[in-house]
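Chemist: Starting off with a structure, shown below.
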Amino acid sequence: MPTALNLPMVDPLPPETQKYFDICTEKLGMIPNVLKAYAFDIDKLNAFTAMYNDLMLADSNLSKLEREMIAVVVSSINRCFYCLVAHGAAVRQLSGDPKLGEMLVMNYRVAPLGDRQRAMLDFAAKMTIASAEIEEPDRQRLRDVGFSDRDIWDIANVAGFFNMTNRVASATAMQPNDEYHAQSR
């Protein structure tokens with residue numbers, strides 16, 4: 001079981017879900033445990049994957065790496081083991097820099113980032129720690145380093161999504177796939 005809850009996957013999986021899982025196995029070499037965890041209810045799985053795919057894979061002025069960096073920084077603050085392992089691996093893969101992934105996991109402020117990425121991660125961190133304290137100067141700092149209002153929307157949504165998923169993963173003791181630990185090292 002991918003979590004501490006007794007919620008087995010639907011069996012058999014609907015054909016479209018099985019096809020999605022087969023694509024994961026082909027592209028990733030595994031089915032991420034978060035997908036297995038949600039597969040006890042196909043509607044919940046579909047809602048989760050639709051939101052994830054939109055935020056993390058759809059067109060955006062934020063690169064895939066930047067979105068993964070947000071995921072890792074938010075997950076670091078929330079100490080979400082599942083997301084740190086899974087998205088830390090993605091940062092290593094997308095950046096080609098295993099040290100960057102570890103810096104973001106431990107303390108993003110030590111990473112050699114440009115002004116744009118530093119401002120983006122500062123905003124995501126503040127959103128995670130004290131979202132009610134975000135004010136116009138915080139958004140303006142993002143604009144000052146080149147982010148549009150649409151980009152700010154994307155940063156806020158990625159950070160918000162991982163704040164939610166971190167809490168679900170931690171509350172259910174979701175375990176990352178072992179394969180993530182060795183990826184892109």
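Residue numbering restarts at 1 in every chain; chains get A, B, ... in the order shown in the structure tokens, and ligands count up from 1 in that same order.
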Just want the 8 Å neighbourhood of range 108-118 of chain A, counted on only C-alpha atoms, with same-chain residues fewer than 3 positions away dropped. Output as JSON, numbers by chain.

Modeler: {"A": [66, 73, 100, 103, 104, 105, 121, 122, 142, 145, 146, 147]}

Chemist: Taking all heavy atoms for each residue, export the selection above as a short mmCIF file (atom, residue, chain, number, x, y, z; two decimals), in the first residue's frame.

Modeler:
```
data_model
loop_
_atom_site.label_atom_id
_atom_site.label_comp_id
_atom_site.auth_asym_id
_atom_site.auth_seq_id
_atom_site.Cartn_x
_atom_site.Cartn_y
_atom_site.Cartn_z
N GLU A 66 11.36 25.39 -13.12
CA GLU A 66 10.93 26.37 -12.12
C GLU A 66 9.73 25.87 -11.34
O GLU A 66 9.66 26.04 -10.12
CB GLU A 66 10.63 27.71 -12.78
CG GLU A 66 11.88 28.43 -13.23
CD GLU A 66 11.62 29.67 -14.06
OE1 GLU A 66 10.61 29.71 -14.80
OE2 GLU A 66 12.44 30.60 -13.97
N VAL A 73 10.68 23.56 -2.82
CA VAL A 73 10.80 24.54 -1.74
C VAL A 73 9.58 24.48 -0.82
O VAL A 73 9.71 24.46 0.41
CB VAL A 73 11.04 25.95 -2.30
CG1 VAL A 73 10.87 27.02 -1.22
CG2 VAL A 73 12.44 26.02 -2.90
N LEU A 100 21.88 21.09 -6.93
CA LEU A 100 20.76 22.03 -6.87
C LEU A 100 19.58 21.39 -6.17
O LEU A 100 18.95 22.01 -5.30
CB LEU A 100 20.36 22.52 -8.26
CG LEU A 100 19.14 23.44 -8.30
CD1 LEU A 100 19.40 24.74 -7.52
CD2 LEU A 100 18.75 23.74 -9.74
N MET A 103 20.26 21.33 -2.49
CA MET A 103 20.21 22.67 -1.90
C MET A 103 18.77 23.10 -1.69
O MET A 103 18.42 23.65 -0.64
CB MET A 103 20.93 23.68 -2.78
CG MET A 103 22.42 23.58 -2.76
SD MET A 103 23.11 24.87 -3.84
CE MET A 103 24.55 24.03 -4.44
N LEU A 104 17.92 22.86 -2.70
CA LEU A 104 16.52 23.27 -2.58
C LEU A 104 15.82 22.49 -1.48
O LEU A 104 14.96 23.03 -0.78
CB LEU A 104 15.80 23.08 -3.92
CG LEU A 104 16.27 23.95 -5.08
CD1 LEU A 104 15.46 23.65 -6.33
CD2 LEU A 104 16.23 25.43 -4.75
N VAL A 105 16.16 21.22 -1.33
CA VAL A 105 15.55 20.40 -0.28
C VAL A 105 15.95 20.93 1.10
O VAL A 105 15.12 21.03 2.00
CB VAL A 105 15.97 18.92 -0.43
CG1 VAL A 105 15.71 18.13 0.85
CG2 VAL A 105 15.25 18.28 -1.61
N LEU A 121 10.94 31.84 -5.57
CA LEU A 121 10.98 30.92 -4.44
C LEU A 121 10.71 31.64 -3.12
O LEU A 121 10.06 31.07 -2.22
CB LEU A 121 12.31 30.17 -4.42
CG LEU A 121 12.53 29.26 -5.62
CD1 LEU A 121 13.89 28.59 -5.55
CD2 LEU A 121 11.41 28.23 -5.78
N ASP A 122 11.14 32.88 -2.99
CA ASP A 122 10.80 33.67 -1.80
C ASP A 122 9.29 33.83 -1.68
O ASP A 122 8.72 33.72 -0.60
CB ASP A 122 11.46 35.05 -1.84
CG ASP A 122 12.95 35.02 -1.54
OD1 ASP A 122 13.47 34.01 -1.03
OD2 ASP A 122 13.61 36.06 -1.84
N LEU A 142 7.97 40.36 -7.78
CA LEU A 142 7.95 39.40 -8.89
C LEU A 142 7.88 40.13 -10.23
O LEU A 142 8.58 39.77 -11.18
CB LEU A 142 6.78 38.43 -8.73
CG LEU A 142 6.89 37.46 -7.57
CD1 LEU A 142 5.57 36.69 -7.39
CD2 LEU A 142 8.05 36.50 -7.76
N VAL A 145 11.23 41.55 -11.45
CA VAL A 145 12.22 40.62 -12.02
C VAL A 145 11.69 39.96 -13.29
O VAL A 145 12.27 38.99 -13.78
CB VAL A 145 12.71 39.57 -11.00
CG1 VAL A 145 13.48 40.24 -9.87
CG2 VAL A 145 11.57 38.71 -10.48
N GLY A 146 10.56 40.49 -13.82
CA GLY A 146 10.10 40.04 -15.12
C GLY A 146 8.89 39.13 -15.16
O GLY A 146 8.50 38.69 -16.25
N PHE A 147 8.29 38.84 -14.03
CA PHE A 147 7.10 38.00 -14.06
C PHE A 147 5.87 38.83 -14.39
O PHE A 147 5.71 39.94 -13.87
CB PHE A 147 6.88 37.31 -12.70
CG PHE A 147 7.87 36.21 -12.42
CD1 PHE A 147 8.85 36.36 -11.45
CD2 PHE A 147 7.81 35.00 -13.11
CE1 PHE A 147 9.76 35.35 -11.18
CE2 PHE A 147 8.71 33.98 -12.84
CZ PHE A 147 9.69 34.15 -11.88
#
```

Chemist: With range 167-182 of chain A as the partner and 12 Å as the cut-off, tabulate the residues of range 19-47 of chain A that qualify, each row holding the nearest pair of atoms and their distance in Å to one decimal, using only C-alpha atoms, sorted by chain and rising number, as CSV.

Modeler:
```
residue,atom,partner,partner_atom,distance
A:Thr25,CA,A:Glu179,CA,11.8
A:Leu28,CA,A:Glu179,CA,9.4
A:Gly29,CA,A:Glu179,CA,8.4
A:Met30,CA,A:Glu179,CA,7.8
A:Ile31,CA,A:Asn177,CA,8.3
A:Pro32,CA,A:Asn177,CA,6.4
A:Asn33,CA,A:Asn177,CA,6.1
A:Val34,CA,A:Met174,CA,7.3
A:Leu35,CA,A:Met174,CA,10.7
A:Lys36,CA,A:Met174,CA,10.2
A:Ala37,CA,A:Met174,CA,7.8
A:Tyr38,CA,A:Met174,CA,10.8
```

Chemist: Go ahead and dump the residues you just picked, N, CA and C atoms, as a PDB file, in the first residue's frame.

Modeler:
```pdb
ATOM      1  N   THR A  25       4.463   3.820 -16.664  1.00  0.00           N
ATOM      2  CA  THR A  25       5.472   2.755 -16.589  1.00  0.00           C
ATOM      3  C   THR A  25       6.453   2.871 -17.745  1.00  0.00           C
ATOM      4  N   LEU A  28       8.308   6.560 -17.169  1.00  0.00           N
ATOM      5  CA  LEU A  28       8.977   6.780 -15.887  1.00  0.00           C
ATOM      6  C   LEU A  28       9.635   5.517 -15.328  1.00  0.00           C
ATOM      7  N   GLY A  29       9.238   4.383 -15.846  1.00  0.00           N
ATOM      8  CA  GLY A  29       9.736   3.125 -15.310  1.00  0.00           C
ATOM      9  C   GLY A  29       8.999   2.689 -14.052  1.00  0.00           C
ATOM     10  N   MET A  30       7.900   3.359 -13.743  1.00  0.00           N
ATOM     11  CA  MET A  30       7.120   3.065 -12.536  1.00  0.00           C
ATOM     12  C   MET A  30       5.789   3.795 -12.608  1.00  0.00           C
ATOM     13  N   ILE A  31       4.906   3.415 -11.732  1.00  0.00           N
ATOM     14  CA  ILE A  31       3.671   4.171 -11.502  1.00  0.00           C
ATOM     15  C   ILE A  31       3.889   4.913 -10.188  1.00  0.00           C
ATOM     16  N   PRO A  32       3.926   6.242 -10.216  1.00  0.00           N
ATOM     17  CA  PRO A  32       4.142   6.965  -8.964  1.00  0.00           C
ATOM     18  C   PRO A  32       3.113   6.560  -7.894  1.00  0.00           C
ATOM     19  N   ASN A  33       3.596   6.377  -6.686  1.00  0.00           N
ATOM     20  CA  ASN A  33       2.713   5.939  -5.601  1.00  0.00           C
ATOM     21  C   ASN A  33       1.569   6.903  -5.337  1.00  0.00           C
ATOM     22  N   VAL A  34       1.759   8.180  -5.612  1.00  0.00           N
ATOM     23  CA  VAL A  34       0.655   9.120  -5.417  1.00  0.00           C
ATOM     24  C   VAL A  34      -0.523   8.757  -6.325  1.00  0.00           C
ATOM     25  N   LEU A  35      -0.243   8.276  -7.518  1.00  0.00           N
ATOM     26  CA  LEU A  35      -1.324   7.861  -8.418  1.00  0.00           C
ATOM     27  C   LEU A  35      -1.986   6.594  -7.902  1.00  0.00           C
ATOM     28  N   LYS A  36      -1.190   5.662  -7.415  1.00  0.00           N
ATOM     29  CA  LYS A  36      -1.751   4.447  -6.822  1.00  0.00           C
ATOM     30  C   LYS A  36      -2.623   4.792  -5.617  1.00  0.00           C
ATOM     31  N   ALA A  37      -2.181   5.771  -4.827  1.00  0.00           N
ATOM     32  CA  ALA A  37      -2.937   6.165  -3.636  1.00  0.00           C
ATOM     33  C   ALA A  37      -4.311   6.707  -4.006  1.00  0.00           C
ATOM     34  N   TYR A  38      -4.374   7.515  -5.050  1.00  0.00           N
ATOM     35  CA  TYR A  38      -5.648   8.091  -5.481  1.00  0.00           C
ATOM     36  C   TYR A  38      -6.528   7.101  -6.237  1.00  0.00           C
TER      37      TYR A  38
END
```

Chemist: Please identify every residue of range 140-177 of chain A that has at least one atom no farther than 12 Å from an atom of range 41-49 of chain A, counting only C-alpha atoms, and for each give the shortest atom pair and the distance in Å to one decimal, arranged by chain then increasing number, as a Markdown table.

Modeler:
```
| residue | atom | partner | partner_atom | distance |
| --- | --- | --- | --- | --- |
| A:Phe161 | CA | A:Phe48 | CA | 9.9 |
| A:Phe162 | CA | A:Phe48 | CA | 11.6 |
| A:Met164 | CA | A:Phe48 | CA | 11.1 |
| A:Thr165 | CA | A:Phe48 | CA | 9.5 |
| A:Val168 | CA | A:Phe48 | CA | 11.8 |
```

Chemist: Could you work out how far CA of Tyr82 in chain A lies from CA of Gly160 in chain A, giving the answer in Å with one decimal?

Modeler: 16.6 Å

Chemist: Taking the backbone alone, and naming residues the way the document does, which bits of range 32-100 of chain A are alpha helix (DSSP H) by DSSP, as a PyMOL selection string?

Modeler: chain A and resi 33-38+42-57+64-78+81-95+98-100

Chemist: How far is it from CA of Met1 in chain A to CA of Glu102 in chain A, in Å with one decimal?

Modeler: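 According to the coordinates, CA of Met1 in chain A and CA of Glu102 in chain A are separated by 27.5 Å.
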
Chemist: Point out the residue among A:Gln140, A:Ala4, A:Asn166, A:Ala50 with the least atom-to-atom distance to Ala86 in chain A, counting only C-alpha atoms.

Modeler: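 Using only C-alpha atoms, the shortest distance to Ala86 in chain A belongs to A:Asn166.
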
Chemist: In Å, rounded to a single decimal, give me how far CA of Thr3 in chain A is from CA of Ile77 in chain A.

Modeler: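 CA of Thr3 in chain A lies 21.2 Å from CA of Ile77 in chain A.
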
Chemist: Which of these, A:Ala125, A:Asp149, A:Ala58, A:Tyr20, has the shortest distance to Asn78 in chain A once you count only C-alpha atoms?

Modeler: A:Ala125

Chemist: For Ile152 in chain A, which of A:Ala130, A:Leu7, A:Gln93, A:Asn61 is the closest residue, counting only C-alpha atoms?

Modeler: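 Checking each candidate against Ile152 in chain A, we get A:Asn61 as the closest.
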
Chemist: Using only C-alpha atoms, which residue out of A:Ala89, A:Asp54, A:Arg141, A:Ile155 lies closest to Arg67 in chain A?

Modeler: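 Among the listed residues, the smallest separation from Arg67 in chain A belongs to A:Ile155.
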